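Reproduced below: my_file.csv, with CSV, C-alpha atoms.
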```csv
chain,number,residue,atom,x,y,z
A,1,MET,CA,-54.2,15.3,0.2
A,2,ALA,CA,-52.6,14.7,3.6
A,3,GLU,CA,-53.1,16.5,6.9
A,4,HIS,CA,-50.3,18.8,8.1
A,5,VAL,CA,-48.6,17.9,11.4
A,6,PRO,CA,-45.6,19.6,13.0
A,7,GLY,CA,-42.0,18.3,12.6
A,8,ASP,CA,-41.3,15.0,10.9
A,9,ALA,CA,-44.7,13.6,11.9
A,10,VAL,CA,-46.7,12.3,9.0
A,11,GLY,CA,-50.2,11.1,8.4
A,12,GLN,CA,-51.4,7.6,7.5
A,13,GLY,CA,-51.8,8.5,3.8
A,14,VAL,CA,-48.2,9.8,3.5
A,15,VAL,CA,-46.9,6.6,5.2
A,16,THR,CA,-48.7,4.5,2.7
A,17,ILE,CA,-47.4,6.4,-0.3
A,18,VAL,CA,-43.8,6.9,0.7
A,19,LEU,CA,-43.3,3.4,2.0
A,20,ARG,CA,-45.2,2.0,-1.0
A,21,GLY,CA,-47.7,0.1,1.2
A,22,THR,CA,-45.0,-2.1,2.8
A,23,LEU,CA,-46.0,-0.9,6.3
A,24,ASP,CA,-49.3,-0.8,7.9
A,25,SER,CA,-50.1,2.9,8.5
A,26,GLY,CA,-52.1,2.1,11.5
A,27,THR,CA,-49.1,1.0,13.6
A,28,GLY,CA,-47.9,4.6,13.9
A,29,ALA,CA,-44.4,3.8,12.7
A,30,THR,CA,-42.9,6.0,10.0
A,31,LEU,CA,-39.4,4.4,9.5
A,32,GLY,CA,-37.6,7.8,9.3
A,33,ILE,CA,-39.9,9.6,6.8
A,34,ARG,CA,-38.7,13.2,6.6
A,35,ARG,CA,-40.7,16.4,6.2
A,36,PRO,CA,-38.3,19.4,5.8
A,37,ALA,CA,-39.8,22.3,7.8
A,38,THR,CA,-38.8,24.9,5.2
A,39,LEU,CA,-40.7,23.0,2.4
A,40,ASN,CA,-43.9,22.4,4.3
A,41,ASN,CA,-46.5,25.2,4.5
A,42,ALA,CA,-49.8,24.3,6.0
A,43,GLY,CA,-52.5,24.4,3.4
A,44,GLN,CA,-50.2,25.3,0.5
A,45,THR,CA,-47.2,22.9,0.0
A,46,MET,CA,-46.0,19.6,1.4
A,47,VAL,CA,-42.8,17.5,0.9
A,48,ALA,CA,-42.3,14.1,2.5
A,49,HIS,CA,-39.8,11.6,1.5
A,50,GLY,CA,-37.9,8.5,2.5
A,51,ARG,CA,-34.9,6.9,0.7
A,52,GLY,CA,-36.8,5.7,-2.4
A,53,VAL,CA,-40.0,7.7,-2.7
A,54,SER,CA,-40.6,11.5,-2.5
A,55,LEU,CA,-44.1,13.0,-2.2
A,56,ILE,CA,-44.2,16.6,-3.4
A,57,VAL,CA,-47.5,18.6,-3.3
A,58,GLY,CA,-48.3,22.2,-4.2
A,59,TYR,CA,-45.1,23.3,-6.0
A,60,ALA,CA,-44.9,24.5,-9.6
A,61,PRO,CA,-43.6,22.1,-12.2
A,62,PRO,CA,-40.2,23.8,-12.5
A,63,VAL,CA,-39.6,23.5,-8.8
A,64,GLU,CA,-40.7,19.8,-8.9
A,65,ASN,CA,-38.3,19.3,-11.8
A,66,ALA,CA,-35.5,20.8,-9.7
A,67,PHE,CA,-36.4,18.5,-6.8
A,68,GLY,CA,-36.2,15.6,-9.3
A,69,LEU,CA,-32.7,16.7,-10.4
A,70,ALA,CA,-31.6,16.9,-6.8
A,71,ALA,CA,-32.9,13.5,-6.1
A,72,ALA,CA,-31.2,12.1,-9.2
A,73,GLY,CA,-27.9,13.6,-8.0
A,74,ILE,CA,-28.2,11.8,-4.6
A,75,LEU,CA,-29.1,8.5,-6.3
A,76,THR,CA,-26.1,8.9,-8.6
A,77,ALA,CA,-23.8,9.5,-5.6
A,78,VAL,CA,-25.3,6.4,-3.8
A,79,ALA,CA,-24.8,4.3,-6.9
A,80,ALA,CA,-21.2,5.6,-7.2
A,81,VAL,CA,-20.5,4.6,-3.6
A,82,HIS,CA,-21.6,1.0,-4.3
A,83,ARG,CA,-19.6,1.0,-7.5
A,84,ILE,CA,-16.4,2.3,-5.8
A,85,ARG,CA,-16.7,-0.2,-3.0
A,86,ARG,CA,-17.1,-3.1,-5.5
A,87,GLN,CA,-14.1,-1.9,-7.4
A,88,ALA,CA,-12.1,-1.5,-4.2
A,89,PHE,CA,-12.9,-5.1,-3.2
A,90,GLU,CA,-11.9,-6.3,-6.7
A,91,ALA,CA,-8.6,-4.5,-6.3
A,92,LEU,CA,-8.0,-6.1,-2.9
A,93,GLU,CA,-8.9,-9.5,-4.4
A,94,LEU,CA,-6.5,-8.9,-7.3
A,95,ASP,CA,-3.7,-8.2,-4.8
A,96,ARG,CA,-4.6,-11.3,-2.8
A,97,ALA,CA,-4.9,-13.7,-5.8
A,98,SER,CA,-1.9,-12.4,-7.7
A,99,ALA,CA,1.2,-14.7,-7.7
A,100,VAL,CA,4.2,-12.5,-7.7
A,101,GLU,CA,7.4,-14.4,-8.4
A,102,THR,CA,9.6,-11.8,-10.3
A,103,THR,CA,10.2,-8.1,-10.2
A,104,ASP,CA,8.4,-7.8,-13.5
A,105,ASP,CA,5.3,-9.4,-12.0
A,106,ALA,CA,5.5,-7.1,-9.0
A,107,ARG,CA,6.0,-4.1,-11.3
A,108,ALA,CA,3.0,-5.0,-13.4
A,109,LEU,CA,0.8,-5.6,-10.3
A,110,VAL,CA,1.8,-2.2,-8.8
A,111,ALA,CA,1.0,-0.5,-12.1
A,112,GLN,CA,-2.4,-2.2,-12.3
A,113,LEU,CA,-3.2,-1.4,-8.6
A,114,SER,CA,-2.0,2.2,-9.1
A,115,HIS,CA,-4.3,2.6,-12.1
A,116,ARG,CA,-7.3,1.3,-10.2
A,117,LEU,CA,-6.5,3.4,-7.2
A,118,ASN,CA,-6.4,6.6,-9.4
A,119,ASP,CA,-9.7,5.7,-10.9
A,120,LEU,CA,-11.2,5.1,-7.4
A,121,GLN,CA,-10.0,8.4,-6.1
A,122,LEU,CA,-11.2,10.3,-9.2
A,123,ASP,CA,-14.6,8.5,-9.0
A,124,LEU,CA,-14.9,9.2,-5.3
A,125,SER,CA,-14.2,12.9,-5.9
A,126,PHE,CA,-16.2,13.6,-9.0
A,127,SER,CA,-19.1,11.1,-8.6
A,128,VAL,CA,-19.8,11.3,-4.9
A,129,GLU,CA,-18.3,14.4,-3.3
A,130,VAL,CA,-19.6,16.7,-6.0
A,131,TYR,CA,-23.2,15.5,-5.7
A,132,ALA,CA,-23.0,15.5,-1.9
A,133,ASP,CA,-21.9,19.2,-1.9
A,134,THR,CA,-24.7,21.9,-2.0
A,135,ILE,CA,-22.5,24.6,-3.7
A,136,LEU,CA,-23.9,23.6,-7.1
A,137,ILE,CA,-27.5,24.2,-6.0
A,138,PRO,CA,-28.4,27.9,-6.1
A,139,GLU,CA,-32.0,27.7,-4.9
A,140,LEU,CA,-32.6,27.5,-1.2
A,141,LEU,CA,-35.7,25.4,-1.6
A,142,VAL,CA,-33.9,22.8,-3.7
A,143,GLU,CA,-30.9,23.0,-1.3
A,144,SER,CA,-33.2,22.1,1.7
A,145,PHE,CA,-34.7,19.2,-0.2
A,146,HIS,CA,-31.2,18.1,-1.3
A,147,ALA,CA,-29.8,18.3,2.3
A,148,SER,CA,-32.8,16.3,3.6
A,149,LEU,CA,-32.3,13.6,1.0
A,150,ARG,CA,-28.6,13.5,1.7
A,151,ASP,CA,-29.3,13.1,5.4
A,152,VAL,CA,-31.9,10.3,5.1
A,153,SER,CA,-29.6,8.4,2.7
A,154,SER,CA,-26.7,8.5,5.1
A,155,LEU,CA,-24.5,9.7,2.2
A,156,ALA,CA,-21.9,11.4,4.5
A,157,ASP,CA,-21.4,8.1,6.5
A,158,ALA,CA,-21.2,6.1,3.3
A,159,LEU,CA,-18.7,8.6,1.9
A,160,ALA,CA,-16.5,8.3,5.0
A,161,ASN,CA,-16.6,4.5,5.0
A,162,THR,CA,-15.8,4.3,1.3
A,163,SER,CA,-12.9,6.7,1.7
A,164,ARG,CA,-11.5,4.4,4.4
A,165,ILE,CA,-11.8,1.4,2.1
A,166,VAL,CA,-10.0,3.3,-0.7
A,167,GLU,CA,-7.3,4.2,1.9
A,168,ARG,CA,-6.9,0.4,2.5
A,169,VAL,CA,-6.2,-0.1,-1.2
A,170,ASN,CA,-3.7,2.7,-1.0
A,171,ALA,CA,-2.0,1.0,1.9
A,172,VAL,CA,-1.8,-2.3,0.0
A,173,LEU,CA,-0.3,-0.4,-2.9
A,174,ALA,CA,2.2,1.3,-0.7
A,175,THR,CA,3.2,-2.1,0.7
A,176,ARG,CA,3.6,-3.5,-2.8
A,177,ARG,CA,5.7,-0.5,-3.7
A,178,VAL,CA,8.0,-1.0,-0.7
A,179,GLY,CA,8.4,-4.6,-1.7
A,180,LEU,CA,9.2,-3.7,-5.2
A,181,GLU,CA,11.7,-1.1,-4.2
A,182,THR,CA,13.4,-3.6,-1.8
A,183,ALA,CA,13.6,-6.2,-4.5
A,184,SER,CA,15.0,-3.7,-7.0
A,185,GLN,CA,17.6,-2.5,-4.5
A,186,GLN,CA,18.5,-6.1,-3.8
A,187,TYR,CA,18.8,-6.8,-7.5
A,188,ALA,CA,21.1,-3.8,-8.0
A,189,GLU,CA,23.3,-4.9,-5.0
A,190,ASP,CA,23.5,-8.4,-6.3
A,191,ARG,CA,24.4,-7.1,-9.8
A,192,ASP,CA,27.1,-4.8,-8.4
A,193,ARG,CA,28.4,-7.6,-6.3
A,194,VAL,CA,28.7,-10.0,-9.2
A,195,LEU,CA,30.4,-7.3,-11.3
A,196,ALA,CA,32.9,-6.6,-8.5
A,197,ALA,CA,33.6,-10.3,-8.2
A,198,VAL,CA,34.1,-10.7,-11.9
A,199,ILE,CA,36.5,-7.7,-12.0
A,200,ALA,CA,38.4,-9.1,-8.9
A,201,VAL,CA,38.7,-12.6,-10.5
A,202,GLY,CA,39.8,-11.1,-13.8
A,203,SER,CA,42.4,-9.0,-12.0
A,204,LEU,CA,43.6,-12.0,-10.0
A,205,ILE,CA,43.9,-14.1,-13.2
A,206,ALA,CA,45.5,-11.4,-15.4
A,207,LEU,CA,47.9,-9.6,-13.1
A,208,PRO,CA,50.2,-12.5,-12.0
A,209,PRO,CA,50.7,-13.8,-15.6
A,210,ALA,CA,51.4,-10.3,-16.6
A,211,LEU,CA,54.0,-9.9,-14.0
A,212,LEU,CA,55.6,-13.2,-15.0
A,213,LEU,CA,55.6,-12.3,-18.6
A,214,ALA,CA,57.3,-9.0,-17.7
A,215,TYR,CA,59.9,-10.9,-15.7
A,216,PHE,CA,60.7,-13.3,-18.4
A,217,GLY,CA,60.9,-10.5,-21.0
A,218,VAL,CA,63.6,-8.6,-19.1
A,219,ASN,CA,67.1,-8.9,-20.4
A,220,SER,CA,68.7,-10.1,-17.1
A,221,SER,CA,71.2,-12.7,-16.0
A,222,ASP,CA,68.5,-14.3,-13.8
A,223,VAL,CA,66.5,-15.3,-16.9
A,224,ASP,CA,68.2,-18.3,-18.6
A,225,PRO,CA,67.1,-18.6,-22.2
A,226,SER,CA,67.9,-22.3,-22.2
A,227,ARG,CA,65.4,-23.1,-19.5
A,228,SER,CA,61.6,-23.3,-19.9
A,229,ILE,CA,59.4,-20.7,-18.2
A,230,LEU,CA,57.5,-23.6,-16.7
A,231,ASP,CA,60.6,-24.8,-14.8
A,232,LEU,CA,59.4,-24.1,-11.2
A,233,HIS,CA,62.6,-25.4,-9.7
A,234,HIS,CA,64.6,-22.6,-11.4
A,235,HIS,CA,61.9,-19.9,-11.5
A,236,GLY,CA,60.1,-20.8,-8.3
A,237,VAL,CA,61.0,-17.5,-6.6
A,238,ALA,CA,59.5,-15.5,-9.5
A,239,TYR,CA,56.3,-17.5,-9.4
A,240,ALA,CA,56.1,-17.1,-5.6
A,241,ILE,CA,56.6,-13.3,-5.8
A,242,ALA,CA,53.9,-13.1,-8.5
A,243,TRP,CA,51.3,-15.2,-6.9
A,244,LEU,CA,51.8,-15.1,-3.1
A,245,PRO,CA,50.6,-11.4,-2.6
A,246,PHE,CA,47.3,-12.2,-4.3
A,247,LEU,CA,46.8,-15.4,-2.4
A,248,LEU,CA,47.6,-13.6,0.8
A,249,LEU,CA,45.1,-10.9,-0.1
A,250,ILE,CA,42.4,-13.4,-0.8
A,251,ALA,CA,43.0,-15.1,2.6
A,252,VAL,CA,42.9,-11.8,4.5
A,253,GLY,CA,39.7,-10.9,2.7
A,254,LEU,CA,38.0,-14.2,3.6
A,255,LEU,CA,39.0,-13.8,7.3
A,256,ALA,CA,37.8,-10.2,7.4
A,257,ARG,CA,34.5,-11.3,5.8
A,258,ARG,CA,34.0,-14.0,8.4
A,259,ARG,CA,34.7,-11.5,11.3
A,260,ILE,CA,32.2,-8.9,10.0
A,261,SER,CA,29.4,-11.3,9.4
A,262,LEU,CA,26.2,-10.8,11.3
A,263,ARG,CA,25.6,-13.2,14.2
A,264,LEU,CA,22.4,-13.2,16.1
A,265,PRO,CA,22.1,-15.0,19.4
A,266,ALA,CA,19.7,-17.9,19.6
A,267,PRO,CA,16.5,-17.3,21.7
A,268,ASP,CA,17.5,-20.1,24.1
A,269,ASP,CA,21.0,-18.5,24.6
A,270,ALA,CA,19.4,-15.1,25.2
A,271,THR,CA,16.9,-16.5,27.7
A,272,SER,CA,19.6,-18.5,29.6
A,273,GLY,CA,21.8,-15.4,29.7
A,274,ARG,CA,19.0,-13.4,31.2
A,275,ARG,CA,18.3,-16.1,33.8
A,276,THR,CA,22.1,-16.2,34.7
A,277,ARG,CA,22.2,-12.4,35.2
A,278,ARG,CA,19.1,-12.5,37.3
A,279,SER,CA,20.5,-15.3,39.5
A,280,ARG,CA,23.7,-13.3,39.9
A,281,ARG,CA,21.8,-10.2,41.0
A,282,GLY,CA,19.8,-12.3,43.5
A,283,ARG,CA,23.0,-13.8,44.9
A,284,SER,CA,24.6,-10.4,45.2
A,285,ARG,CA,21.6,-9.0,47.1
A,286,ARG,CA,21.5,-11.9,49.7
A,287,PRO,CA,24.5,-10.9,51.8
A,288,GLY,CA,23.0,-7.4,52.2
A,289,ARG,CA,20.0,-8.7,53.9
```
Using the file provided, produce a representation of the structure as structure tokens.
Amino acid sequence: MAEHVPGDAVGQGVVTIVLRGTLDSGTGATLGIRRPATLNNAGQTMVAHGRGVSLIVGYAPPVENAFGLAAAGILTAVAAVHRIRRQAFEALELDRASAVETTDDARALVAQLSHRLNDLQLDLSFSVEVYADTILIPELLVESFHASLRDVSSLADALANTSRIVERVNAVLATRRVGLETASQQYAEDRDRVLAAVIAVGSLIALPPALLLAYFGVNSSDVDPSRSILDLHHHGVAYAIAWLPFLLLIAVGLLARRRISLRLPAPDDATSGRRTRRSRRGRSRRPGR
């Protein structure tokens, strides 16, 4: 049917069949048509294939069927690569187009991206890597055909590039998780701060009246039953003793808070400071000359 030539060289008839007549066989170009050496025996068998068409001559029908199953596995893996890339791009587009305004929105987006990432990783492992591996092919002839098809389809490069794309989705998901954790931590800190402020204000409001009520409830000569408890002229010392410590504590807390606040120098100030130090160093070096 076609003359046998060494290596990957092919005849004009093989070029016409494998390339489906899209290339003039008289030009001498083969566009990467492969002829596995272990599958080609002069005068007995011949196997030539490209990416889309395989020409098999001289083998028994069971072996040809096994070749067909191997080719179907490679095609399934290539289709899975295209599907995984499309889904990865959709996940990245989802992350870019999502408007996250609350922690609930961020949590829902992280959950959705995590679900898609799990599907991508499982699909990459069980739909591409399994078919790219030759461990499931027990026959050496079929393994040779499978390896040649895998090589001509650049499945290893496609798998590596697709794995990097999936890693980008994982990186985006990790960034979203960090943002969510930061927002959750900030929410917890704000909640604790508000709770502490409410407790402090409640203590400030409740303790001085409690002290005053305890004072007015004591049977002492300093408490005149004929005078009102709102008489500040007579009970001013008691009110001062009850309220001044708390007011002094508030003032000390505000001053301490202002002193421990973070202050970053302005860029202009930092630049001018550096220039001043440099000029001083230059002046100090001049007398030594």
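With distances taken over all atoms listed in the file, A:Val63 is the one residue among A:Ile56, A:Ala91, A:Val63, A:Ala42 lying closest to Leu140 in chain A.
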Which polymer residues have any atom within 8 Å of an atom of Phe67 in chain A, counting only C-alpha atoms, with same-chain residues fewer than 2 positions away left out, as a list of chain:residue names? A:Val63, A:Glu64, A:Asn65, A:Leu69, A:Ala70, A:Ala71, A:Val142, A:Phe145, A:His146
Residues just named, written with C-alpha atoms as a short mmCIF file (atom, residue, chain, number, x, y, z; two decimals), keeping the file's coordinate frame:
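After the write, result.cif holds the following:
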```
data_model
loop_
_atom_site.label_atom_id
_atom_site.label_comp_id
_atom_site.auth_asym_id
_atom_site.auth_seq_id
_atom_site.Cartn_x
_atom_site.Cartn_y
_atom_site.Cartn_z
CA VAL A 63 -39.60 23.50 -8.80
CA GLU A 64 -40.70 19.80 -8.90
CA ASN A 65 -38.30 19.30 -11.80
CA LEU A 69 -32.70 16.70 -10.40
CA ALA A 70 -31.60 16.90 -6.80
CA ALA A 71 -32.90 13.50 -6.10
CA VAL A 142 -33.90 22.80 -3.70
CA PHE A 145 -34.70 19.20 -0.20
CA HIS A 146 -31.20 18.10 -1.30
#
```
Return the padded bounding box of range 43-60 of chain A as AutoDock Vina command-line options: axis-aligned, built from all atoms listed in the file, 4 Å added on each side, with centre and edge lengths in Å to one decimal.
```
--center_x -43.7 --center_y 15.5 --center_z -3.1 --size_x 25.6 --size_y 27.6 --size_z 21.0
```
Restricting the calculation to all atoms listed in the file: of A:Gln121, A:Gln186, A:Ser153, A:Thr175, which residue gets closest to Val78 in chain A?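 Looking only at the distances to Val78 in chain A, the closest residue turns out to be A:Ser153.
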Rank nothing, just name the residue among A:Asn40, A:Val172, A:Ala66, A:Leu159 nearest to Arg96 in chain A, using all atoms listed in the file.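 Looking only at the distances to Arg96 in chain A, the closest residue turns out to be A:Val172.
CA of Leu117 in chain A sits 19.7 Å away from CA of Ala99 in chain A.
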Show me the residues around (-9.2, 4.0, 0.6) - criterion: an atom at most 12 Å away, only C-alpha atoms counted - as a count of residues only. 32
Can you tell me, as number ranges by chain, what residues are no more than 9 Å from Ser148 in chain A when counting only C-alpha atoms, ignoring any on the same chain fewer than 2 positions away? A: 34-36, 49, 143-146, 150-153
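Across the structure, CA of Tyr187 in chain A and CA of Ser114 in chain A are spaced 22.7 Å apart.
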Any idea what the distance is between CA of Gly202 in chain A and CA of Phe246 in chain A? 12.2 Å
Rank nothing, just name the residue among A:Gly179, A:Gly73, A:Pro208, A:Gly236 nearest to Tyr131 in chain A, using all atoms listed in the file.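 Closest to Tyr131 in chain A, using all atoms listed in the file: A:Gly73.
Of the residues under consideration (A:Leu247, A:Ala37, A:Ala111, A:Val178), A:Leu247 shows the shortest atom-to-atom contact distance to Val201 in chain A when counting all atoms listed in the file.
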Selected residue, from A:Val18, A:Leu204, A:Val128, A:Ala240, that lies nearest to Arg83 in chain A when counting all atoms listed in the file: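 Of A:Val18, A:Leu204, A:Val128, A:Ala240, the one nearest Arg83 in chain A, counting all atoms listed in the file, is A:Val128.
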